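**Q** Before I ask anything, let me first share the structure, which is written out below as structure tokens.
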There are 2 protein chains.
Amino acid sequence: MTKLQRVLEYLHAHQSQAVDDLMEFLRIPSVSTEPGHALDMRHAAEWLKVRLMHAGFADARIEETPGGHPVVRASYRADAQAQRRTVVVYGHYDVQPVDPVSAWHHPPFEPTVIDDVLYGRGAADDKGQLFLQLLAAEAWLKATGDIPVNIEFLFEGEEEIGSPHLLAYIESHRQELAGDVAVISDTPMHAPDVPAICYGIRGLAAMEVTVKGPYQDLHSGAFGGTVANPALVLSRLLSSLQDADGRITVPGFYDDVEPVSAFDRQAIERLEFSDAQLQQELQVPKLWGEPGYSTLERMWLRPTLEINGITAGYQGTGQKTIIPGQASAKISCRLVPHQDPHKIQDHIEEWLRSQLPSTVTMDVVKHSGTTMSVTIPVDDPIMAAASAAVQDVFGVAPVLFRRGGSMAIIEWFQTVLHQTPLLLGFTWPNEQFHAPNEHFHLSNFRRGAETIARLWDYYEKAGADTSA
Amino acid sequence: MTKLQRVLEYLHAHQSQAVDDLMEFLRIPSVSTEPGHALDMRHAAEWLKVRLMHAGFADARIEETPGGHPVVRASYRADAQAQRRTVVVYGHYDVQPVDPVSAWHHPPFEPTVIDDVLYGRGAADDKGQLFLQLLAAEAWLKATGDIPVNIEFLFEGEEEIGSPHLLAYIESHRQELAGDVAVISDTPMHAPDVPAICYGIRGLAAMEVTVKGPYQDLHSGAFGGTVANPALVLSRLLSSLQDADGRITVPGFYDDVEPVSAFDRQAIERLEFSDAQLQQELQVPKLWGEPGYSTLERMWLRPTLEINGITAGYQGTGQKTIIPGQASAKISCRLVPHQDPHKIQDHIEEWLRSQLPSTVTMDVVKHSGTTMSVTIPVDDPIMAAASAAVQDVFGVAPVLFRRGGSMAIIEWFQTVLHQTPLLLGFTWPNEQFHAPNEHFHLSNFRRGAETIARLWDYYEKAGADTSA
């Protein structure tokens with residue numbers, strides 16, 4: 001029996017325990033964006049540290065960030081003479097908010113398994129995927145006493161708020177985190193039976209604007225007709241950001257955007273994708289977006305501007321005839337290569353200010369969690385190793401695709417640590433990340449752990465081949 | 001000592017008790033618009049009935065409305081041979097919601113007196129003004145054993161939700177409620193030292209629109225660029241309702257609006273009014289509204305369209321990068337004479353549907369609490385009596401003005417009961433009706449009761465003169 005076989009047997013024998021452990025992890029409501037969950041964040045970090053120790057990583061530890069949620073770290077280092085490659089395994093233990101809670105079929109923090117699908121906030125994004133990385137490494141260690149690669153686990157608690165402290169952490173731990181590649185399971189597959197490696201993601205720039213009118217809500221009978229209505233002014237401002245077809249009308253927004261490349265277009269052409277199916281899945285009367293681009297091009301290769309939320313005036317039952325004192329909107333943009341998120345925030349603010357009537361004032365808060373779009377080289381040896389591991393477990397090689405989402409950390413692995421990020425995830429697309437009823441198919445949770453276990457084996461051999 | 005003097009002495013002797021009683025009344029959170037306050041509504045009605053009995057109205061009673069909040073009734077009838085005129089005294093015991101609660105300096109349902117000003121939800125609108133009517137009648141009855149007019153008290157609990165059951169109640173009680181005039185204290189004075197009789201009010205049409213996109217909130221990275229954003233579609237729709245200067249752009253909206261009359265314009269010209277003062281009071285950078293009209297004209301004589309509230313997507317702390325599944329807005333219009341509120345609701349819905357892109361759907365709920373604008377004849381004997389009573393108490397005659405607000409009931413007194421409504425109120429303008437920190441100057445609470453007590457005396461004499 002080879003070492004790998006022993007590892008796979010270990011994983012198989014501990015499948016049930018692994019799910020129990022993950023459910024325990026999911027019960028901790030580690031919502032990083034909400035100040036009321038600060039203690040839960042601490043609890044989740046502690047849980048993860050203890051679980052890493054239990055897995056055999058004696059140096060598992062919590063490391064503080066200044067005023068933020070902590071980083072959880074652990075490492076495995078083979079004997080110095082083993083000349084192993086070193087990988088950073090990244091994941092995040094924080095989760096998105098759960099509202100609207102009423103839309104969940106089961107309470108978001110009471111994980112529930114139905115037909116081998118695990119429901120709960122964080123099941124997919126990212127606690128479940130983080131945990132399968134931990135399980136693969138644990139299996140190697142427990143079954144063979146060794147792992148074919150040196151590992152630095154880097155688990156953060158601020159991914160969902162734009163990782164405000166991680167860049168500084170990475171910069172001040174360059175030596176410890178030095179390595180060849182970074183491995184991250186925080187992306188989905190392309191489709192249920194189509195595993196995928198993601199070679200590019202969009203950037204992110206977010207902000208909040210508040211239009212301020214009268215000092216408080218006014219009686220709309222007594223004062224209607226005398227002051228500008230902040231909710232109407234806000235509506236007008238938001239309407240000025242985009243034309244009805246979906247082209248963003250903010251001057252300068254597209255300045256640094258390059259035409260879609262042949263490589264990107266061809267990668268998309270190789271994928272099966274159905275507009276009709278997406279439309280049905282999202283239950284919209286019609287898909288929509290920037291003219292001249294296919295749906296996947298709009299989703300992955302073109303920048304967007306979205307209103308994430310609006311709040312103004314009375315929102316309760318029935319009517320309350322007021323002029324709201326103020327009105328706010330949260331705005332975010334997904335960006336493509338070369339778009340600087342800070343420039344984009346500035347362009348939007350300048351444009352809104354140029355449109356602002358003199359009857360109101362406006363506050364703008366630019367959120368700090370900005371990221372650049374990233375493109376990952378696909379010729380790194382880790383890509384071939386990952387492809388082989390996926391082929392073994394899923395019976396097909398992974399496709400290459402880009403993604404529409406954003407992860408600050410990916411940019412930093414490239415620019416600060418000079419590592420190639422491997423984005424290899426195992427959730428189905430649309431398993432409700434960031435939405436009610438988030439879930440993870442446990443079959444893929446198990447296959448994910450096995451794939452990562454095999455990945456270390458292939459990557460070590462690829463290294464041996466290269467050095468030979 | 002005349003009867004009137006005895007009545008005024010009685011009021012004076014019971015001033016302190018009157019305030020204590022009113023504070024007890026204000027402690028009942030009778031918010032008619034919120035289903036959670038249904039029992040409080042019942043409690044307020046019971047309190048009022050008991051207080052009327054205590055005042056000497058033995059027939060005080062609660063009368064149910066079908067599925068709504070009850071009406072509280074009581075009456076005084078002199079001997080048949082006395083040939084008295086009959087007045088309906090109307091008020092409402094329901095109050096507006098209190099959000100944002102955090103903006104109140106004192107809890108809204110813990111009434112507090114500071115420097116002879118009473119703070120609390122309902123202090124002015126309308127519990128305080130309703131109560132001074134009760135006090136005036138009680139004083140006549142207790143001090144003289146008689147009131148110079150027959151009175152039918154009609155106190156409802158649904159004014160703040162558009163009086164959905166009162167029309168049917170009035171129609172089925174025409175005989176009981178037959179009378180010469182209706183007296184209502186639910187308007188403010190024109191300015192702190194300027195008592196006023198209101199001879200016209202605007203109508204009201206309100207509705208709620210919901211733009212529906214994907215079946216739930218979506219991850220803006222995963223799906224941004226593929227579906228129309230309901231919050232942005234809603235913003236565009238709302239922007240289409242009005243131009244930037246304040247002209248309403250809904251086709252048909254102005255169809256039935258007549259030019260401002262000479263009488264109305266002259267009534268306004270006789271009033272002291274300062275744009276600069278209003279701007280300062282409301283703390284806006286600039287006043288605003290339909291071009292070609294003065295501020296008071298826009299406030300009283302021209303129709304308006306306001307967004308009362310918008311709700312969409314994530315509204316918590318920080319950012320949540322989603323595409324909202326839906327977005328809603330509450331819209332209300334103040335209407336001028338001849339504008340039919342149902343037609344206006346239809347015009348708005350038609351216009352919005354004509355603007356609606358095919359990428360979303362839209363639900364429209366037209367609120368039932370609509371009212372027509374009303375103009376009251378100023379040559380009724382009750383007007384002269386009121387003017388004399390005000391002159392006695394305030395030292396100046398009341399001015400005549402219109403108001404921008406709406407009261408369904410006024411229309412019905414005219415059209416169903418054929419009574420002239422006297423709108424004579426005693427609160428200062430901008431005592432925060434419908435807003436946080438609502439209050440009522442107790443000096444005017446006392447003067448109001450005295451004015452009403454004198455009104456019955458003058459009105460009886462005016463009647464005698466007429467019949468002479």
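Residue numbering restarts at 1 in every chain; chains get A, B, ... in the order shown in the structure tokens, and ligands count up from 1 in that same order.
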Counting only C-alpha atoms, what is within 12 Å of Asp186 in chain B, bar same-chain residues fewer than 3 positions away, as a ChimeraX atom specification?
**A** /B:89-93,95,122-133,155,159-160,183,189,196-198,201,403,405-407,409-410,421-429,433,448
**Q** Using the selection just defined, write its residues with N, CA and C atoms as a CSV table (one decimal), in the first residue's frame.
**A**
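Contents of the output file again_28.csv:
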chain,number,residue,atom,x,y,z
B,89,VAL,N,-68.0,67.4,17.2
B,89,VAL,CA,-66.6,67.6,17.6
B,89,VAL,C,-65.8,66.4,17.2
B,90,TYR,N,-64.9,66.6,16.3
B,90,TYR,CA,-64.1,65.4,15.8
B,90,TYR,C,-62.6,65.5,16.3
B,91,GLY,N,-62.1,64.4,16.6
B,91,GLY,CA,-60.6,64.3,16.9
B,91,GLY,C,-60.2,62.9,16.7
B,92,HIS,N,-58.9,62.6,16.8
B,92,HIS,CA,-58.4,61.2,16.6
B,92,HIS,C,-57.4,60.9,17.7
B,93,TYR,N,-57.6,59.6,18.2
B,93,TYR,CA,-56.8,59.2,19.3
B,93,TYR,C,-55.6,58.3,18.9
B,95,VAL,N,-52.0,57.8,16.8
B,95,VAL,CA,-50.8,58.6,16.6
B,95,VAL,C,-49.9,58.0,15.5
B,122,GLY,N,-48.1,62.4,20.0
B,122,GLY,CA,-49.5,62.7,20.1
B,122,GLY,C,-49.8,63.9,20.9
B,123,ALA,N,-48.8,64.5,21.5
B,123,ALA,CA,-49.0,65.7,22.4
B,123,ALA,C,-49.8,66.8,21.5
B,124,ALA,N,-49.4,67.0,20.3
B,124,ALA,CA,-50.0,67.9,19.4
B,124,ALA,C,-51.0,67.3,18.5
B,125,ASP,N,-50.6,66.2,17.9
B,125,ASP,CA,-51.4,65.5,16.8
B,125,ASP,C,-51.8,64.1,17.2
B,126,ASP,N,-53.0,63.9,17.7
B,126,ASP,CA,-54.0,64.9,17.9
B,126,ASP,C,-54.5,64.8,19.3
B,127,LYS,N,-53.9,64.0,20.1
B,127,LYS,CA,-54.4,63.7,21.5
B,127,LYS,C,-54.6,65.0,22.3
B,128,GLY,N,-53.6,65.9,22.2
B,128,GLY,CA,-53.6,67.1,23.0
B,128,GLY,C,-54.7,68.0,22.5
B,129,GLN,N,-54.9,68.1,21.2
B,129,GLN,CA,-56.0,69.0,20.7
B,129,GLN,C,-57.4,68.4,20.8
B,130,LEU,N,-57.4,67.1,20.7
B,130,LEU,CA,-58.7,66.4,21.0
B,130,LEU,C,-59.1,66.7,22.5
B,131,PHE,N,-58.1,66.6,23.4
B,131,PHE,CA,-58.4,66.6,24.8
B,131,PHE,C,-58.9,68.0,25.2
B,132,LEU,N,-58.4,69.1,24.6
B,132,LEU,CA,-58.8,70.4,25.0
B,132,LEU,C,-60.3,70.7,24.6
B,133,GLN,N,-60.7,70.0,23.5
B,133,GLN,CA,-62.2,70.0,23.2
B,133,GLN,C,-63.0,69.4,24.3
B,155,PHE,N,-64.7,60.6,17.9
B,155,PHE,CA,-63.2,60.4,18.0
B,155,PHE,C,-62.8,59.1,17.4
B,159,GLU,N,-57.1,57.9,11.9
B,159,GLU,CA,-56.8,59.1,11.0
B,159,GLU,C,-55.4,59.0,10.4
B,160,GLU,N,-54.5,58.4,11.1
B,160,GLU,CA,-53.1,58.4,10.6
B,160,GLU,C,-53.0,57.3,9.5
B,183,VAL,N,-66.4,70.7,14.3
B,183,VAL,CA,-65.3,71.5,14.8
B,183,VAL,C,-64.1,70.5,15.0
B,189,MET,N,-51.4,76.7,14.3
B,189,MET,CA,-51.6,78.1,14.1
B,189,MET,C,-50.6,78.5,12.9
B,196,ALA,N,-55.0,80.8,13.7
B,196,ALA,CA,-55.4,80.8,12.3
B,196,ALA,C,-56.6,79.8,12.2
B,197,ILE,N,-57.5,80.1,11.2
B,197,ILE,CA,-58.5,79.2,10.8
B,197,ILE,C,-58.1,78.7,9.4
B,198,CYS,N,-58.2,77.4,9.3
B,198,CYS,CA,-57.8,76.8,8.0
B,198,CYS,C,-59.0,76.6,7.1
B,201,ILE,N,-57.6,72.3,2.6
B,201,ILE,CA,-56.5,71.4,2.8
B,201,ILE,C,-56.3,70.6,1.5
B,403,ARG,N,-53.9,74.7,4.2
B,403,ARG,CA,-52.8,73.8,4.7
B,403,ARG,C,-52.4,72.8,3.7
B,405,GLY,N,-51.4,69.7,4.4
B,405,GLY,CA,-51.7,68.3,4.8
B,405,GLY,C,-53.1,67.9,4.3
B,406,SER,N,-53.5,66.7,4.8
B,406,SER,CA,-54.7,66.1,4.3
B,406,SER,C,-55.5,65.5,5.4
B,407,MET,N,-56.8,65.6,5.4
B,407,MET,CA,-57.7,64.9,6.4
B,407,MET,C,-58.9,64.4,5.7
B,409,ILE,N,-61.5,63.1,6.6
B,409,ILE,CA,-62.8,63.3,7.3
B,409,ILE,C,-63.4,64.7,6.9
B,410,ILE,N,-62.6,65.7,6.6
B,410,ILE,CA,-63.1,67.0,6.3
B,410,ILE,C,-64.0,66.9,5.0
B,421,PRO,N,-67.0,72.5,8.1
B,421,PRO,CA,-65.9,72.2,9.1
B,421,PRO,C,-65.2,73.4,9.5
B,422,LEU,N,-65.1,73.6,10.8
B,422,LEU,CA,-64.2,74.6,11.4
B,422,LEU,C,-62.9,74.0,11.8
B,423,LEU,N,-61.8,74.4,11.1
B,423,LEU,CA,-60.5,73.9,11.4
B,423,LEU,C,-59.8,74.9,12.3
B,424,LEU,N,-59.8,74.7,13.5
B,424,LEU,CA,-59.2,75.7,14.5
B,424,LEU,C,-58.3,75.0,15.4
B,425,GLY,N,-57.0,75.2,15.2
B,425,GLY,CA,-56.0,74.4,16.0
B,425,GLY,C,-55.2,75.4,16.8
B,426,PHE,N,-54.4,74.8,17.8
B,426,PHE,CA,-53.7,75.7,18.8
B,426,PHE,C,-52.3,75.3,18.9
B,427,THR,N,-51.8,74.4,18.1
B,427,THR,CA,-50.4,74.1,18.3
B,427,THR,C,-49.5,75.1,17.4
B,428,TRP,N,-48.3,75.2,17.8
B,428,TRP,CA,-47.4,76.0,17.0
B,428,TRP,C,-47.1,75.2,15.7
B,429,PRO,N,-46.8,75.9,14.6
B,429,PRO,CA,-46.4,75.2,13.4
B,429,PRO,C,-45.0,74.5,13.8
B,433,PHE,N,-45.2,67.3,14.5
B,433,PHE,CA,-46.2,66.3,14.2
B,433,PHE,C,-45.5,65.3,13.2
B,448,GLY,N,-56.3,77.1,24.2
B,448,GLY,CA,-57.2,76.4,23.2
B,448,GLY,C,-58.5,76.0,23.9
**Q** Near range 140-148 of chain B, counting only C-alpha atoms, which residues have an atom at most 8 Å away, once you skip same-chain residues fewer than 3 positions from it, shown as a list of chain:residue names?
**A**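 The residues that qualify are B:Lys3, B:Leu4, B:Arg6, B:Val7, B:Tyr10, B:Ala55, B:Gly56, B:Tyr76, B:Ala78, B:Arg84, B:Ala136, B:Ala137, B:Ala453, B:Trp456, B:Asp457, B:Glu460.
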**Q** Based on the backbone DSSP call, show me all residues of range 166-214 of chain A assigned strand (DSSP E), as a list in words.
**A**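 So, restricting range 166-214 of chain A to strand (DSSP E), we get Val181, Ala182, Val183, Ile184, Ala196, Ile197, Cys198, Tyr199, Gly200, Ile201, Gly203, Leu204, Ala205, Ala206, Met207, Glu208, Val209, Thr210, Val211 and Lys212 of chain A.
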**Q** Quick one: residues within 6 Å of Tyr215 in chain B, only C-alpha atoms counted, chain neighbours fewer than 2 positions away excluded, as a list in words?
**A**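 Close residues of Tyr215 in chain B: Leu282 and Gln283 of chain A; Gly325 of chain B.
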**Q** Tell me which protein, DNA and RNA residues are within 12 Å of Val396 in chain A, counting only C-alpha atoms, leaving out same-chain ones fewer than 6 positions away, and put them as a compact mmCIF listing (two decimals) with N, CA and C atoms, in the first residue's frame.
**A**
# COMPACT_ATOMS: atom_id res chain seq x y z
N ASP A 193 -20.81 18.97 -12.59
CA ASP A 193 -19.84 17.93 -12.93
C ASP A 193 -18.62 18.47 -13.63
N VAL A 194 -18.40 19.75 -13.54
CA VAL A 194 -17.29 20.37 -14.27
C VAL A 194 -16.34 21.09 -13.31
N PRO A 195 -15.36 20.35 -12.78
CA PRO A 195 -14.38 21.01 -11.90
C PRO A 195 -13.57 22.02 -12.70
N ALA A 196 -13.07 23.05 -11.99
CA ALA A 196 -12.45 24.17 -12.70
C ALA A 196 -11.34 24.79 -11.88
N ALA A 386 -2.51 19.97 -10.21
CA ALA A 386 -3.92 20.10 -9.84
C ALA A 386 -4.81 19.42 -10.88
N SER A 387 -4.44 19.58 -12.13
CA SER A 387 -5.22 18.98 -13.20
C SER A 387 -5.22 17.45 -13.07
N ALA A 388 -4.06 16.89 -12.78
CA ALA A 388 -3.95 15.44 -12.64
C ALA A 388 -4.75 14.94 -11.43
N ALA A 389 -4.67 15.67 -10.33
CA ALA A 389 -5.39 15.26 -9.11
C ALA A 389 -6.90 15.30 -9.34
N VAL A 390 -7.35 16.35 -10.00
CA VAL A 390 -8.78 16.47 -10.29
C VAL A 390 -9.22 15.34 -11.21
**Q** Can you work out the spacing between CA of Glu438 in chain A and CA of His367 in chain A in Å, to one decimal?
**A**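 Separation between CA of Glu438 in chain A and CA of His367 in chain A: 25.5 Å.
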**Q** Which of range 99-278 of chain A counts as alpha helix (DSSP H) under DSSP, as JSON, numbers by chain please?
**A** {"A": [127, 128, 129, 130, 131, 132, 133, 134, 135, 136, 137, 138, 139, 140, 141, 142, 143, 144, 166, 167, 168, 169, 170, 171, 174, 175, 176, 177, 220, 221, 222, 223, 230, 231, 232, 233, 234, 235, 236, 237, 238, 239, 262, 263, 264, 265, 266, 267, 268, 269, 275, 276, 277, 278]}
**Q** What is the distance between CA of Glu208 in chain A and CA of Gln280 in chain B, in Å to one decimal?
**A** 27.2 Å
**Q** What's the 9 Å shell around Asn437 in chain B, counting only C-alpha atoms, without same-chain residues fewer than 5 positions away, as a ChimeraX atom specification?
**A** /B:103-108,119-121,431-432
**Q** Would you mind exporting the chosen residues as a PDB file, in the first residue's frame, restricted to N, CA and C atoms?
**A**
ATOM      1  N   ALA B 103     -33.850  59.314  17.694  1.00  0.00           N
ATOM      2  CA  ALA B 103     -33.810  60.773  17.528  1.00  0.00           C
ATOM      3  C   ALA B 103     -34.625  61.504  18.603  1.00  0.00           C
ATOM      4  N   TRP B 104     -35.376  60.773  19.414  1.00  0.00           N
ATOM      5  CA  TRP B 104     -36.158  61.420  20.476  1.00  0.00           C
ATOM      6  C   TRP B 104     -35.257  61.730  21.673  1.00  0.00           C
ATOM      7  N   HIS B 105     -35.422  62.921  22.216  1.00  0.00           N
ATOM      8  CA  HIS B 105     -34.649  63.271  23.417  1.00  0.00           C
ATOM      9  C   HIS B 105     -35.254  62.628  24.654  1.00  0.00           C
ATOM     10  N   HIS B 106     -36.553  62.380  24.614  1.00  0.00           N
ATOM     11  CA  HIS B 106     -37.232  61.642  25.688  1.00  0.00           C
ATOM     12  C   HIS B 106     -38.021  60.531  25.008  1.00  0.00           C
ATOM     13  N   PRO B 107     -38.186  59.393  25.664  1.00  0.00           N
ATOM     14  CA  PRO B 107     -38.942  58.317  25.011  1.00  0.00           C
ATOM     15  C   PRO B 107     -40.315  58.823  24.575  1.00  0.00           C
ATOM     16  N   PRO B 108     -40.749  58.478  23.376  1.00  0.00           N
ATOM     17  CA  PRO B 108     -41.963  59.062  22.798  1.00  0.00           C
ATOM     18  C   PRO B 108     -43.228  58.808  23.613  1.00  0.00           C
ATOM     19  N   TYR B 119     -43.676  67.256  25.789  1.00  0.00           N
ATOM     20  CA  TYR B 119     -43.086  66.424  24.740  1.00  0.00           C
ATOM     21  C   TYR B 119     -43.672  65.017  24.794  1.00  0.00           C
ATOM     22  N   GLY B 120     -43.974  64.457  23.631  1.00  0.00           N
ATOM     23  CA  GLY B 120     -44.448  63.080  23.567  1.00  0.00           C
ATOM     24  C   GLY B 120     -45.211  62.869  22.274  1.00  0.00           C
ATOM     25  N   ARG B 121     -45.210  61.649  21.754  1.00  0.00           N
ATOM     26  CA  ARG B 121     -45.972  61.357  20.531  1.00  0.00           C
ATOM     27  C   ARG B 121     -47.460  61.567  20.799  1.00  0.00           C
ATOM     28  N   GLU B 431     -44.432  71.778  15.422  1.00  0.00           N
ATOM     29  CA  GLU B 431     -44.226  71.144  16.720  1.00  0.00           C
ATOM     30  C   GLU B 431     -44.003  69.635  16.523  1.00  0.00           C
ATOM     31  N   GLN B 432     -43.398  69.291  15.382  1.00  0.00           N
ATOM     32  CA  GLN B 432     -42.926  67.935  15.102  1.00  0.00           C
ATOM     33  C   GLN B 432     -44.027  66.884  15.037  1.00  0.00           C
TER      34      GLN B 432
END
**Q** If you count only C-alpha atoms, which residues fall within 10 Å of Pro357 in chain A, apart from same-chain ones fewer than 4 positions away, as an MDAnalysis selection string?
**A** (chainID A and resid 228 233 237 352:353 361:362) or (chainID B and resid 244:245 285:286)
**Q** What is the distance, in Å and to one decimal place, between CA of Met41 in chain A and CA of Gly68 in chain A?
**A**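 Going from CA of Met41 in chain A over to CA of Gly68 in chain A, I get 10.0 Å.
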**Q** Would you mind listing what lies within 9 Å of His338 in chain B as a PyMOL selection string, with only C-alpha atoms counted and same-chain residues fewer than 3 positions away left out?
**A** chain B and resi 256-258+335+372-374
**Q** Go ahead and write the residues just picked, C-alpha atoms, as a PDB file, in the first residue's frame.
**A**
ATOM      1  CA  ASP B 256     -57.628  68.696 -13.315  1.00  0.00           C
ATOM      2  CA  VAL B 257     -55.538  71.327 -11.553  1.00  0.00           C
ATOM      3  CA  GLU B 258     -56.915  74.861 -11.799  1.00  0.00           C
ATOM      4  CA  LEU B 335     -53.475  66.967  -4.207  1.00  0.00           C
ATOM      5  CA  MET B 372     -59.836  64.802  -2.058  1.00  0.00           C
ATOM      6  CA  SER B 373     -58.642  68.323  -1.424  1.00  0.00           C
ATOM      7  CA  VAL B 374     -61.240  70.483   0.369  1.00  0.00           C
TER       8      VAL B 374
END
**Q** Between B:Pro398, B:Gly292, B:Gly162, B:Gly318, which one has atoms that come closest to chain A, using only C-alpha atoms?
**A**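 Closest residue, counting only C-alpha atoms: B:Gly318.
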